[in-house]
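Structure file work.txt; described as compact mmCIF, C-alpha atoms and all ligand atoms.
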# COMPACT_ATOMS: atom_id res chain seq x y z
CA MET A 1 0.00 0.00 0.00
CA ASP A 2 1.14 3.55 -0.69
CA ARG A 3 2.13 5.48 2.39
CA ILE A 4 0.53 8.64 3.76
CA PHE A 5 2.04 10.98 6.31
CA SER A 6 0.50 14.05 7.87
CA GLY A 7 1.04 16.12 10.99
CA ILE A 8 -0.69 18.47 13.36
CA GLN A 9 0.78 20.91 15.85
CA PRO A 10 -0.14 20.56 19.51
CA SER A 11 -1.38 24.12 19.43
CA GLY A 12 -3.56 23.92 22.54
CA GLU A 13 -6.90 24.04 20.84
CA ILE A 14 -7.71 21.78 17.92
CA HIS A 15 -10.49 23.50 16.01
CA ILE A 16 -13.09 22.57 13.44
CA GLY A 17 -10.82 23.92 10.66
CA ASN A 18 -8.24 21.26 11.60
CA TYR A 19 -11.03 18.72 11.77
CA VAL A 20 -12.78 19.23 8.43
CA GLY A 21 -9.65 20.49 6.69
CA ALA A 22 -7.50 17.54 7.70
CA ILE A 23 -8.40 15.05 10.45
CA ARG A 24 -11.74 13.90 9.04
CA ASN A 25 -10.03 13.27 5.71
CA TRP A 26 -7.24 11.35 7.46
CA VAL A 27 -9.87 8.98 8.86
CA LYS A 28 -11.34 8.41 5.39
CA LEU A 29 -7.91 7.50 4.02
CA ILE A 30 -6.87 4.88 6.59
CA ASP A 31 -8.53 1.98 4.80
CA HIS A 32 -6.82 2.76 1.51
CA TYR A 33 -3.28 3.68 2.54
CA ASP A 34 -0.63 2.81 5.07
CA CYS A 35 -1.04 5.94 7.25
CA ILE A 36 1.13 7.71 9.80
CA TYR A 37 -0.33 10.69 11.66
CA CYS A 38 1.96 12.66 13.89
CA VAL A 39 1.75 15.29 16.62
CA VAL A 40 4.55 17.61 15.54
CA ASP A 41 5.83 18.99 18.83
CA TYR A 42 9.18 20.25 17.51
CA HIS A 43 7.30 22.50 15.07
CA ALA A 44 5.33 23.96 17.97
CA ILE A 45 8.42 25.28 19.75
CA THR A 46 9.26 27.68 16.92
CA VAL A 47 6.98 30.24 18.57
CA GLU A 48 6.81 31.19 22.23
CA TYR A 49 4.97 28.63 24.37
CA ASP A 50 4.32 27.64 27.95
CA VAL A 51 6.72 24.81 28.89
CA ALA A 52 4.47 23.66 31.74
CA LEU A 53 1.55 23.10 29.36
CA MET A 54 3.36 21.44 26.46
CA GLN A 55 3.02 17.79 27.58
CA LYS A 56 -0.70 18.30 28.21
CA ARG A 57 -1.15 19.82 24.75
CA ILE A 58 0.70 16.95 23.07
CA LEU A 59 -1.38 14.31 24.85
CA GLU A 60 -4.64 16.17 24.27
CA THR A 61 -3.91 16.43 20.54
CA ALA A 62 -3.08 12.73 20.29
CA THR A 63 -6.24 11.89 22.26
CA ILE A 64 -8.35 13.87 19.81
CA LEU A 65 -6.81 12.04 16.84
CA VAL A 66 -7.66 8.67 18.36
CA ALA A 67 -11.15 9.87 19.38
CA CYS A 68 -11.82 10.96 15.79
CA GLY A 69 -11.20 7.39 14.63
CA LEU A 70 -7.44 7.18 14.10
CA THR A 71 -7.08 4.10 16.27
CA PRO A 72 -3.82 2.13 16.46
CA GLU A 73 -5.42 -0.92 14.85
CA ARG A 74 -6.00 1.09 11.68
CA CYS A 75 -3.03 3.48 11.44
CA ILE A 76 -0.01 4.80 13.30
CA VAL A 77 -0.33 7.75 15.67
CA SER A 78 2.98 9.12 16.91
CA VAL A 79 4.76 12.13 18.42
CA GLN A 80 7.49 13.71 16.30
CA SER A 81 10.10 14.12 19.06
CA HIS A 82 9.85 10.41 19.96
CA ILE A 83 11.56 9.61 16.65
CA PRO A 84 14.77 11.70 16.53
CA GLU A 85 15.39 10.63 12.92
CA HIS A 86 12.98 13.42 11.85
CA THR A 87 15.34 16.11 13.11
CA GLU A 88 18.43 14.22 11.95
CA LEU A 89 17.13 14.08 8.38
CA ALA A 90 16.12 17.74 8.62
CA TRP A 91 19.78 18.64 9.21
CA ILE A 92 20.83 16.80 6.08
CA PHE A 93 18.06 18.49 4.09
CA ASN A 94 19.28 21.84 5.42
CA CYS A 95 22.42 21.24 3.44
CA VAL A 96 20.56 21.01 0.11
CA THR A 97 18.17 23.91 0.82
CA PRO A 98 18.86 27.47 -0.40
CA VAL A 99 18.05 30.02 2.32
CA GLY A 100 16.30 32.23 -0.25
CA GLU A 101 13.63 29.61 -0.86
CA LEU A 102 12.78 29.45 2.82
CA GLU A 103 12.60 33.24 3.07
CA ARG A 104 9.97 33.24 0.32
CA MET A 105 7.57 30.89 2.16
CA THR A 106 4.22 32.56 2.84
CA GLN A 107 3.87 31.13 6.34
CA PHE A 108 7.36 32.26 7.33
CA LYS A 109 6.65 35.81 6.18
CA GLU A 110 3.30 35.84 7.95
CA LYS A 111 4.58 34.31 11.21
CA GLY A 112 7.67 36.52 11.03
CA ARG A 113 5.38 39.57 11.02
CA ARG A 114 3.30 38.22 13.91
CA HIS A 115 6.28 37.18 16.04
CA ARG A 116 8.54 40.09 15.11
CA HIS A 117 10.44 39.90 18.41
CA ASN A 118 11.26 36.19 17.90
CA VAL A 119 12.11 35.43 14.27
CA ASN A 120 14.29 32.45 15.12
CA VAL A 121 16.09 30.05 12.77
CA GLY A 122 13.54 27.33 13.61
CA LEU A 123 10.76 29.47 12.18
CA LEU A 124 12.70 29.84 8.93
CA ASP A 125 13.67 26.17 8.88
CA TYR A 126 10.17 24.95 9.67
CA PRO A 127 9.41 23.63 6.12
CA VAL A 128 12.67 21.66 6.08
CA LEU A 129 11.62 19.75 9.21
CA GLN A 130 8.21 19.26 7.64
CA ALA A 131 9.85 17.77 4.53
CA ALA A 132 11.90 15.46 6.77
CA ASP A 133 8.70 14.37 8.60
CA ILE A 134 7.23 13.22 5.31
CA LEU A 135 10.32 11.82 3.62
CA ILE A 136 11.76 9.89 6.56
CA TYR A 137 8.87 7.49 5.83
CA LYS A 138 9.13 7.90 2.04
CA ALA A 139 5.46 8.89 2.08
CA GLY A 140 3.96 9.52 -1.35
CA TYR A 141 0.84 11.40 -0.24
CA VAL A 142 0.18 14.15 2.29
CA PRO A 143 -3.41 15.06 3.21
CA VAL A 144 -3.53 18.68 4.42
CA GLY A 145 -5.61 21.84 4.35
CA GLU A 146 -4.93 24.53 1.77
CA ASP A 147 -2.52 26.51 3.97
CA GLN A 148 -0.01 23.64 3.92
CA VAL A 149 0.08 23.10 0.15
CA GLN A 150 3.13 25.33 -0.31
CA HIS A 151 5.04 23.39 2.34
CA VAL A 152 4.25 20.05 0.70
CA GLU A 153 5.33 21.42 -2.67
CA PHE A 154 8.54 22.53 -1.01
CA SER A 155 9.10 18.98 0.26
CA ARG A 156 8.84 17.79 -3.37
CA GLU A 157 11.59 20.28 -4.23
CA ILE A 158 13.79 18.95 -1.44
CA ALA A 159 13.23 15.34 -2.54
CA ARG A 160 14.18 16.37 -6.09
CA LYS A 161 17.32 18.21 -4.95
CA PHE A 162 18.45 15.35 -2.70
CA ASN A 163 17.82 12.74 -5.42
CA ALA A 164 19.70 14.83 -8.00
CA ARG A 165 22.73 15.21 -5.73
CA PHE A 166 22.91 11.77 -4.08
CA GLY A 167 20.87 9.40 -6.28
CA LYS A 168 17.22 8.43 -6.31
CA THR A 169 16.15 7.95 -2.71
CA PHE A 170 12.87 9.74 -2.03
CA PRO A 171 9.47 9.93 -3.74
CA GLU A 172 8.07 13.38 -4.58
CA PRO A 173 5.08 13.55 -2.25
CA GLN A 174 1.72 14.76 -3.50
CA VAL A 175 -0.95 16.77 -1.72
CA ILE A 176 -4.38 15.33 -1.00
CA LEU A 177 -6.88 18.11 -0.23
CA SER A 178 -10.05 17.54 1.78
CA GLU A 179 -13.52 18.68 0.71
CA ALA A 180 -13.19 21.69 3.04
CA PRO A 181 -9.56 22.75 2.65
CA ARG A 182 -10.04 26.30 3.97
CA ILE A 183 -12.43 27.22 6.77
CA LEU A 184 -12.47 30.85 7.85
CA GLY A 185 -12.79 31.87 11.48
CA THR A 186 -15.86 33.27 13.18
CA ASP A 187 -14.76 36.75 12.03
CA GLY A 188 -15.48 35.54 8.49
CA SER A 189 -12.29 37.10 7.12
CA ALA A 190 -9.17 35.24 8.28
CA LYS A 191 -8.40 31.51 8.24
CA MET A 192 -9.69 29.80 11.37
CA SER A 193 -6.72 29.63 13.69
CA LYS A 194 -6.17 29.34 17.43
CA SER A 195 -3.73 32.24 17.39
CA LEU A 196 -6.25 34.59 15.76
CA ASN A 197 -8.86 33.96 18.43
CA ASN A 198 -11.53 33.17 15.84
CA ALA A 199 -11.73 29.40 16.29
CA ILE A 200 -14.47 26.98 17.25
CA GLY A 201 -12.74 24.31 19.34
CA LEU A 202 -13.44 20.66 18.63
CA LEU A 203 -13.84 20.18 22.38
CA ASP A 204 -15.89 23.32 23.01
CA PRO A 205 -19.11 22.46 24.89
CA PRO A 206 -22.29 22.87 22.77
CA GLU A 207 -23.30 26.10 24.50
CA VAL A 208 -19.92 27.67 23.73
CA ILE A 209 -20.15 26.52 20.10
CA TRP A 210 -23.61 28.06 19.80
CA GLU A 211 -22.47 31.37 21.26
CA LYS A 212 -19.55 31.51 18.79
CA LEU A 213 -21.82 30.59 15.88
CA ARG A 214 -24.59 32.97 16.92
CA THR A 215 -22.22 35.91 16.85
CA ALA A 216 -20.17 34.75 13.84
CA ALA A 217 -19.94 36.95 10.76
CA THR A 218 -22.22 36.10 7.82
CA CYS A 219 -22.57 37.36 4.26
CA GLU A 220 -22.01 41.13 4.40
CA HIS A 221 -24.82 41.75 1.88
CA ARG A 222 -27.41 40.62 4.43
CA GLN A 223 -27.68 43.59 6.74
CA ARG A 224 -31.41 43.00 7.36
CA ARG A 225 -33.58 39.87 7.57
CA ILE A 226 -35.29 40.82 4.29
CA ASP A 227 -32.04 41.21 2.29
CA PRO A 228 -31.26 38.30 -0.05
CA GLY A 229 -27.87 36.75 0.75
CA HIS A 230 -24.99 35.31 -1.23
CA PRO A 231 -24.09 31.93 0.26
CA GLU A 232 -20.93 31.76 -1.84
CA HIS A 233 -19.59 34.72 0.16
CA CYS A 234 -20.68 33.39 3.55
CA ASN A 235 -18.43 31.40 5.86
CA ILE A 236 -21.45 29.90 7.61
CA PHE A 237 -22.43 28.38 4.28
CA THR A 238 -18.91 26.92 3.90
CA MET A 239 -19.41 25.33 7.32
CA HIS A 240 -22.77 23.95 6.16
CA GLN A 241 -20.99 22.34 3.24
CA ALA A 242 -18.68 20.68 5.74
CA PHE A 243 -21.28 19.58 8.31
CA SER A 244 -24.77 19.44 6.73
CA LYS A 245 -26.50 16.89 4.52
CA PRO A 246 -26.87 17.63 0.77
CA ASP A 247 -30.63 18.38 0.99
CA GLN A 248 -30.02 20.79 3.90
CA ILE A 249 -27.24 22.53 1.99
CA ALA A 250 -29.56 22.97 -1.02
CA PHE A 251 -32.33 24.24 1.30
CA VAL A 252 -30.11 26.79 3.03
CA ASP A 253 -28.64 27.93 -0.29
CA GLU A 254 -32.05 28.61 -1.78
CA GLN A 255 -33.55 30.11 1.37
CA CYS A 256 -30.63 32.48 1.88
CA ARG A 257 -30.76 33.75 -1.71
CA THR A 258 -34.50 34.45 -1.44
CA ALA A 259 -34.37 35.75 2.16
CA GLY A 260 -36.68 32.85 3.06
CA ILE A 261 -34.87 32.17 6.32
CA GLY A 262 -32.75 34.50 8.43
CA CYS A 263 -29.13 34.01 9.46
CA ILE A 264 -30.10 32.77 12.93
CA GLU A 265 -32.33 30.00 11.53
CA CYS A 266 -29.54 29.08 9.13
CA LYS A 267 -27.07 28.93 12.02
CA GLU A 268 -29.45 26.80 14.09
CA ILE A 269 -29.49 24.11 11.40
CA LEU A 270 -25.70 24.22 11.23
CA PHE A 271 -25.37 24.07 15.01
CA LYS A 272 -27.56 20.96 15.23
CA ASN A 273 -25.43 19.17 12.62
CA MET A 274 -22.18 20.26 14.18
CA ARG A 275 -23.32 19.09 17.59
CA GLU A 276 -24.35 15.70 16.18
CA GLU A 277 -20.89 15.20 14.75
CA LEU A 278 -18.80 16.65 17.57
CA VAL A 279 -20.53 15.35 20.70
CA PRO A 280 -19.65 11.66 20.00
CA ILE A 281 -16.00 12.72 19.53
CA GLN A 282 -16.09 14.63 22.81
CA THR A 283 -17.55 11.56 24.53
CA ARG A 284 -14.76 9.36 23.15
CA VAL A 285 -12.17 11.86 24.38
CA GLN A 286 -13.61 11.46 27.87
CA GLU A 287 -13.57 7.67 27.55
CA ILE A 288 -9.91 7.71 26.53
CA ASN A 289 -9.08 10.07 29.39
CA GLY A 290 -10.79 7.59 31.72
CA LYS A 291 -8.47 4.75 30.65
CA PRO A 292 -5.11 5.62 32.17
CA GLY A 293 -2.25 4.13 30.22
CA TYR A 294 -4.20 3.58 27.00
CA LEU A 295 -2.87 6.64 25.18
CA ILE A 296 0.67 6.00 26.42
CA ASP A 297 0.46 2.50 24.88
CA VAL A 298 -0.81 3.99 21.60
CA LEU A 299 2.09 6.44 21.44
CA ARG A 300 4.69 3.94 22.59
CA SER A 301 3.71 1.45 19.89
CA GLY A 302 3.40 4.31 17.36
CA ALA A 303 6.97 5.39 18.13
CA ALA A 304 8.29 1.82 17.79
CA ARG A 305 6.58 1.28 14.44
CA CYS A 306 7.82 4.63 13.11
CA LYS A 307 11.32 4.03 14.43
CA ALA A 308 11.59 0.74 12.51
CA ILE A 309 10.94 2.54 9.22
CA ALA A 310 12.95 5.66 10.06
CA THR A 311 16.06 3.72 11.12
CA GLU A 312 16.22 1.96 7.78
CA VAL A 313 15.74 5.13 5.75
CA MET A 314 18.36 7.01 7.80
CA ASP A 315 20.82 4.18 7.26
CA GLU A 316 20.27 4.42 3.51
CA VAL A 317 20.63 8.22 3.65
CA ARG A 318 23.89 8.07 5.61
CA GLN A 319 25.30 5.66 3.06
CA LYS A 320 24.16 7.79 0.13
CA ILE A 321 25.74 10.97 1.49
CA GLY A 322 29.01 9.19 2.27
CA ILE A 323 29.16 9.49 6.06
CA LYS A 324 28.47 5.88 7.03
CA PRO A 325 31.66 3.97 7.83
CA ALA A 326 31.52 0.25 7.04
CA TRP A 327 32.16 -0.67 10.71
CA LEU A 328 29.16 1.27 12.08
CA SER A 329 25.99 -0.79 12.35
CA PRO A 330 22.66 1.06 11.97
P1 LIG B 1 -1.48 22.73 11.63
O1 LIG B 1 -1.21 22.12 12.97
O2 LIG B 1 -1.54 24.21 11.55
O3 LIG B 1 -2.84 22.18 11.05
C1 LIG B 1 -3.14 20.79 10.96
C2 LIG B 1 -3.96 20.55 9.69
O4 LIG B 1 -5.16 21.32 9.73
C3 LIG B 1 -5.29 22.07 8.54
N1 LIG B 1 -5.95 23.36 8.85
C4 LIG B 1 -7.04 23.83 8.22
N2 LIG B 1 -7.78 23.33 7.22
C5 LIG B 1 -8.84 24.07 6.80
N3 LIG B 1 -9.19 25.26 7.34
C6 LIG B 1 -8.46 25.80 8.35
N4 LIG B 1 -8.81 26.96 8.89
C7 LIG B 1 -7.34 25.07 8.83
N5 LIG B 1 -6.42 25.31 9.81
C8 LIG B 1 -5.57 24.25 9.80
C9 LIG B 1 -3.87 22.30 8.06
O5 LIG B 1 -3.81 22.58 6.68
C10 LIG B 1 -3.22 20.98 8.43
O6 LIG B 1 -3.40 20.02 7.41
N6 LIG B 1 2.92 22.51 9.29
C11 LIG B 1 1.76 21.72 9.65
C12 LIG B 1 2.08 20.50 10.47
C13 LIG B 1 3.06 19.55 9.86
C14 LIG B 1 2.83 18.70 8.75
C15 LIG B 1 4.04 17.97 8.60
C16 LIG B 1 1.74 18.50 7.90
C17 LIG B 1 4.34 19.34 10.29
N7 LIG B 1 4.92 18.37 9.55
C18 LIG B 1 4.17 17.02 7.55
C19 LIG B 1 1.90 17.56 6.87
C20 LIG B 1 3.09 16.84 6.72
C21 LIG B 1 0.84 22.60 10.49
O7 LIG B 1 1.25 23.53 11.12
O8 LIG B 1 -0.45 22.16 10.55
Take the structure in this file and express it as C-alpha cells.
Ligand code: TYM
Amino acid sequence: MDRIFSGIQPSGEIHIGNYVGAIRNWVKLIDHYDCIYCVVDYHAITVEYDVALMQKRILETATILVACGLTPERCIVSVQSHIPEHTELAWIFNCVTPVGELERMTQFKEKGRRHRHNVNVGLLDYPVLQAADILIYKAGYVPVGEDQVQHVEFSREIARKFNARFGKTFPEPQVILSEAPRILGTDGSAKMSKSLNNAIGLLDPPEVIWEKLRTAATCEHRQRRIDPGHPEHCNIFTMHQAFSKPDQIAFVDEQCRTAGIGCIECKEILFKNMREELVPIQTRVQEINGKPGYLIDVLRSGAARCKAIATEVMDEVRQKIGIKPAWLSP
C-alpha cells in the first residue's frame, strides 16, 4: 500500500478547521493507505509557548486524533520528538536547501510579522523539518488543508534536490486536499486559527459553540432579515458544506438567496449538525481520558513502528551521502 504521512501541531486548541480540513479526511484514508499521523511537537516550539503546558497539549492532541477514529489498529499515531530521525534528516536536508527559498515561504513571512520579536532560525527552517517528517517514511501522499500546500510542494523540491545530488532515494510527495480545505474563522475574514482567536474548538461544549456561531460573521450583503444573501460569500455556508446533509445545503442555499430564512435559523441548522458530529467525539475523548495508560500504549507502539521505518531510511541516507563507515551498524 502507498504510504501517507500528515502532521498536526499541539497548538492547545484543535479547532473545526483542523477537523474538516484535515483530520476527518485522514480517517477516510486509513482503509486505503498505510497511514502515519503525527503530533509535531518540535514544530510547535518555533513560537513562544508555555513549557508547563506542552506535555498536556501533546497528549490532548493525540487523544483527539484517536477519538476521531485514528485508532492504532488502523493506522499509526505518533509524536514527532519520539523519533529523533525526523530532526536528523532535517539537518541533512538543510544542506541542500537554499536560504532564499525558505525566506519566500508565505507562512514564514506571515509568522515573522506576527512574532517580530522572535524570528528564530527554527521558524525559517520549519518547512525543512516538515519535509523530513514526510520523507523519513518515504510517504507519497500528504493530506492537508490549503494553507499547507506550499510546504508540501517545497518537500517535493527537497526530494528532487536530494535525489539529484545523491541518487534516487525519495518519492516526490503529492498533496491530498479535503472537501473543506479552507475554513475561515468566526470573524469571516481570516483563516480559522487558534492564534487569531476566531476558532471553534473541537472540544468546546455545545453552549460555547452556539455562542460563537450565533455571533459569527455572515454574508455582508445581508444587513437586514429581508435582504437576499450570497451563500458563496458566507463562511457559515462553507461550514454547512462541511457539516450538513446535501438536501439541507440545497435548502439553506435557496432560502438564503431568497431571504426565506434569516441568518439565525440558518445557524441553528448548522449548530444541530455540528453538535451531532462533535458530541460523539467529545464523549470518546472522555472515555480515553478515563483509561489511564491507553494513550501511552498507543504512542509507545506508534513510536516503535515509526522508528523501525525511520532507522532503515536514515541508514540508507547516511550511506548515500558518504558518512556511514563500514564498521558502524545502523
Ligand atoms: P497545523 O497544525 O496548523 O494544522 C493541521 C492541519 O489542519 C489544517 N488546517 C485547516 N484546514 C482548513 N481550514 C483551516 N482553517 C485550517 N487550519 C488548519 C492544516 O492545513 C493541516 O493540514 N505545518 C503543519 C504540520 C506539519 C505537517 C508535517 C503537515 C508538520 N509536519 C508534515 C503535513 C506533513 C501545520 O502547522 O499544521
(Q) What does the structure give for the distance between CA of Glu13 (chain A) and CA of Met54 (chain A), in Å to one decimal? (A)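 Separation of CA of Glu13 (chain A) and CA of Met54 (chain A): 12.0 Å.
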Q.
At a cut-off of 9 Å around the point (-12.6, 34.0, 10.0) (file coordinates), what residues fall inside when counting only C-alpha atoms? I'd like the answer as a PyMOL selection string.
A. chain A and resi 183-193+196+198-199+216-217+235
Each residue of chain A lying at most 7 Å from ligand LIG 1 (chain B) should get a row with its shortest atom-to-atom pair and the distance in Å to one decimal, counting all atoms listed in the file; could you produce that, ordered by chain and increasing number, as CSV?
residue,atom,partner,partner_atom,distance
A:Phe5,CA,B:LIG1,C20,6.0
A:Ser6,CA,B:LIG1,C19,3.9
A:Gly7,CA,B:LIG1,C14,3.9
A:Ile8,CA,B:LIG1,O1,3.7
A:Gln9,CA,B:LIG1,O1,3.7
A:Pro10,CA,B:LIG1,O1,6.8
A:Ser11,CA,B:LIG1,O1,6.8
A:Gly17,CA,B:LIG1,C6,3.8
A:Asn18,CA,B:LIG1,O4,3.6
A:Tyr19,CA,B:LIG1,O4,6.7
A:Val20,CA,B:LIG1,C5,6.5
A:Gly21,CA,B:LIG1,N2,3.4
A:Ala22,CA,B:LIG1,O6,4.8
A:Val40,CA,B:LIG1,C17,5.5
A:His43,CA,B:LIG1,C17,6.4
A:Leu129,CA,B:LIG1,N7,6.8
A:Gln130,CA,B:LIG1,N7,3.9
A:Ala131,CA,B:LIG1,C18,6.5
A:Asp133,CA,B:LIG1,C18,5.4
A:Ile134,CA,B:LIG1,C18,5.4
A:Val142,CA,B:LIG1,C20,5.9
A:Pro143,CA,B:LIG1,O6,6.5
A:Val144,CA,B:LIG1,O6,3.3
A:Gly145,CA,B:LIG1,O5,3.0
A:Glu146,CA,B:LIG1,O5,5.4
A:Asp147,CA,B:LIG1,O5,4.9
A:Gln148,CA,B:LIG1,O5,4.8
A:Val152,CA,B:LIG1,C20,6.9
A:Ala180,CA,B:LIG1,C5,6.2
A:Pro181,CA,B:LIG1,C5,4.4
A:Arg182,CA,B:LIG1,N3,3.6
A:Ile183,CA,B:LIG1,N3,3.8
A:Leu184,CA,B:LIG1,N4,5.4
A:Gly185,CA,B:LIG1,N4,6.8
A:Lys191,CA,B:LIG1,N4,4.6
A:Met192,CA,B:LIG1,N4,3.9
A:Ser193,CA,B:LIG1,N5,5.8
Q. So, counting all atoms listed in the file, which residue among A:Asn289, A:Asn94, A:Gln319, A:Ser195 is closest to Thr169 (chain A)?
A.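 Distance minimum relative to Thr169 (chain A) lands on A:Gln319.
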Q: Name all residues at most 12 Å from Arg74 (chain A) (count all atoms listed in the file; drop same-chain ones fewer than 3 positions away) and give them as a ChimeraX atom specification.
A: /A:26-37,66,69-71,77,298,302
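With all atoms listed in the file as the basis for measurement, A:Ile16 is the residue among A:Val96, A:Leu124, A:Ala139, A:Ile16 that approaches Met239 (chain A) most closely.
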Q: Mind checking which residues fall within 12 Å of Phe154 (chain A), counting all atoms listed in the file, ignoring those fewer than 5 positions away in the same chain, and posting them as a list in words?
A: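 In the requested format, the answer is Phe93, Thr97, Pro98, Glu101, Leu102, Arg104, Met105, Thr106, Asp125, Tyr126, Pro127, Val128, Leu129, Gln130, Ala131, Ala132, Ile134, Leu135, Gln148, Val149, Ala159, Arg160, Lys161, Glu172, Pro173, Gln174 and Val175 of chain A.
Counting only C-alpha atoms, the residue from A:Arg318, A:Phe166, A:Ala304, A:Ile269 that sits nearest to Trp91 (chain A) is A:Arg318.
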Q: Could you tell me which of A:Leu203, A:Arg284, A:Gly260, A:Asn273 comes closest to His15 (chain A) if we count all atoms listed in the file?
A: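 Going through A:Leu203, A:Arg284, A:Gly260, A:Asn273 one by one, the smallest distance to His15 (chain A) is for A:Leu203.
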Q. How far is it from CA of Cys68 (chain A) to CA of Thr46 (chain A), in Å with one decimal?
A. 26.9 Å
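Minimum atom-to-atom distances from A:Ile83, A:Leu202, A:Ala303, A:Ile261 to Val279 (chain A) were compared using only C-alpha atoms, and the lowest value belongs to A:Leu202.
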Q: Name all residues at most 8 Å from Ile309 (chain A) (count all atoms listed in the file; drop same-chain ones fewer than 4 positions away) and give them as number ranges by chain.
A: A: 136-137, 305, 313
Would you export the selected residues with C-alpha atoms as a PDB file, in the frame of the given file, please?
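Writing the result to selection.pdb gives the following:
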ATOM      1  CA  ILE A 136      11.760   9.890   6.560  1.00  0.00           C
ATOM      2  CA  TYR A 137       8.870   7.490   5.830  1.00  0.00           C
ATOM      3  CA  ARG A 305       6.580   1.280  14.440  1.00  0.00           C
ATOM      4  CA  VAL A 313      15.740   5.130   5.750  1.00  0.00           C
TER       5      VAL A 313
END
Q: Measure the distance from CA of Cys306 (chain A) to CA of Tyr42 (chain A) in Å and round it to one decimal.
A: 16.3 Å
(Q) Counting all atoms listed in the file, which residue out of A:Thr61, A:Glu88, A:Leu278, A:Glu73 sits closest to Phe243 (chain A)? (A)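 Comparing A:Thr61, A:Glu88, A:Leu278, A:Glu73 against Phe243 (chain A), the winner is A:Leu278.
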At a cut-off of 9 Å, using all atoms listed in the file, what residues contact His115 (chain A)? Leave out same-chain residues fewer than 4 positions from it and give the result as a PDB file with C-alpha atoms, in the frame of the given file.
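This is the output file around_23.pdb:
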ATOM      1  CA  VAL A  47       6.980  30.240  18.570  1.00  0.00           C
ATOM      2  CA  GLU A  48       6.810  31.190  22.230  1.00  0.00           C
ATOM      3  CA  GLU A 110       3.300  35.840   7.950  1.00  0.00           C
ATOM      4  CA  LYS A 111       4.580  34.310  11.210  1.00  0.00           C
ATOM      5  CA  VAL A 119      12.110  35.430  14.270  1.00  0.00           C
TER       6      VAL A 119
END
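Neighbours of Leu59 (chain A) closer than or equal to 10 Å, with all atoms listed in the file counted and sequence neighbours fewer than 5 positions away skipped, come out as A:Pro10, A:Val39, A:Met54, A:Ile64, A:Leu65, A:Val79, A:Asn289, A:Leu295, A:Ile296, A:Leu299.
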If you take every atom of region 306-315 of chain A that the file lists and fit an axis-aligned box around them with 3 Å extra on each side, what centre and edge lengths come out in Å to one decimal, as JSON?
{"center_x": 14.3, "center_y": 3.9, "center_z": 10.1, "size_x": 19.0, "size_y": 12.3, "size_z": 14.7}
Is it possible to produce a file of region 109-113 of chain A from this structure, with all heavy atoms, as a PDB file, in the first residue's frame?
ATOM      1  N   LYS A 109       6.791  34.345   6.236  1.00  0.00           N
ATOM      2  CA  LYS A 109       6.645  35.811   6.181  1.00  0.00           C
ATOM      3  C   LYS A 109       5.540  36.254   7.135  1.00  0.00           C
ATOM      4  O   LYS A 109       5.671  37.214   7.883  1.00  0.00           O
ATOM      5  CB  LYS A 109       6.337  36.259   4.740  1.00  0.00           C
ATOM      6  CG  LYS A 109       7.563  36.114   3.844  1.00  0.00           C
ATOM      7  CD  LYS A 109       7.423  36.877   2.561  1.00  0.00           C
ATOM      8  CE  LYS A 109       6.771  36.022   1.527  1.00  0.00           C
ATOM      9  NZ  LYS A 109       6.754  36.542   0.184  1.00  0.00           N
ATOM     10  N   GLU A 110       4.451  35.475   7.122  1.00  0.00           N
ATOM     11  CA  GLU A 110       3.298  35.843   7.949  1.00  0.00           C
ATOM     12  C   GLU A 110       3.616  35.675   9.445  1.00  0.00           C
ATOM     13  O   GLU A 110       3.392  36.568  10.256  1.00  0.00           O
ATOM     14  CB  GLU A 110       2.119  34.951   7.506  1.00  0.00           C
ATOM     15  CG  GLU A 110       0.770  35.317   8.057  1.00  0.00           C
ATOM     16  CD  GLU A 110       0.305  34.271   9.027  1.00  0.00           C
ATOM     17  OE1 GLU A 110       0.402  33.052   8.724  1.00  0.00           O
ATOM     18  OE2 GLU A 110      -0.115  34.671  10.119  1.00  0.00           O
ATOM     19  N   LYS A 111       4.230  34.530   9.799  1.00  0.00           N
ATOM     20  CA  LYS A 111       4.578  34.314  11.209  1.00  0.00           C
ATOM     21  C   LYS A 111       5.681  35.276  11.647  1.00  0.00           C
ATOM     22  O   LYS A 111       5.709  35.719  12.783  1.00  0.00           O
ATOM     23  CB  LYS A 111       5.026  32.875  11.445  1.00  0.00           C
ATOM     24  CG  LYS A 111       3.872  31.907  11.544  1.00  0.00           C
ATOM     25  CD  LYS A 111       4.339  30.586  12.136  1.00  0.00           C
ATOM     26  CE  LYS A 111       3.198  29.598  12.258  1.00  0.00           C
ATOM     27  NZ  LYS A 111       3.638  28.258  12.634  1.00  0.00           N
ATOM     28  N   GLY A 112       6.585  35.581  10.731  1.00  0.00           N
ATOM     29  CA  GLY A 112       7.665  36.521  11.025  1.00  0.00           C
ATOM     30  C   GLY A 112       7.095  37.887  11.407  1.00  0.00           C
ATOM     31  O   GLY A 112       7.585  38.560  12.306  1.00  0.00           O
ATOM     32  N   ARG A 113       6.018  38.285  10.699  1.00  0.00           N
ATOM     33  CA  ARG A 113       5.380  39.573  11.015  1.00  0.00           C
ATOM     34  C   ARG A 113       4.706  39.501  12.380  1.00  0.00           C
ATOM     35  O   ARG A 113       4.815  40.410  13.188  1.00  0.00           O
ATOM     36  CB  ARG A 113       4.315  39.912   9.958  1.00  0.00           C
ATOM     37  CG  ARG A 113       4.853  40.700   8.779  1.00  0.00           C
ATOM     38  CD  ARG A 113       3.724  41.289   7.948  1.00  0.00           C
ATOM     39  NE  ARG A 113       2.858  40.273   7.377  1.00  0.00           N
ATOM     40  CZ  ARG A 113       3.077  39.666   6.208  1.00  0.00           C
ATOM     41  NH1 ARG A 113       4.128  39.982   5.488  1.00  0.00           N
ATOM     42  NH2 ARG A 113       2.242  38.750   5.758  1.00  0.00           N
TER      43      ARG A 113
END
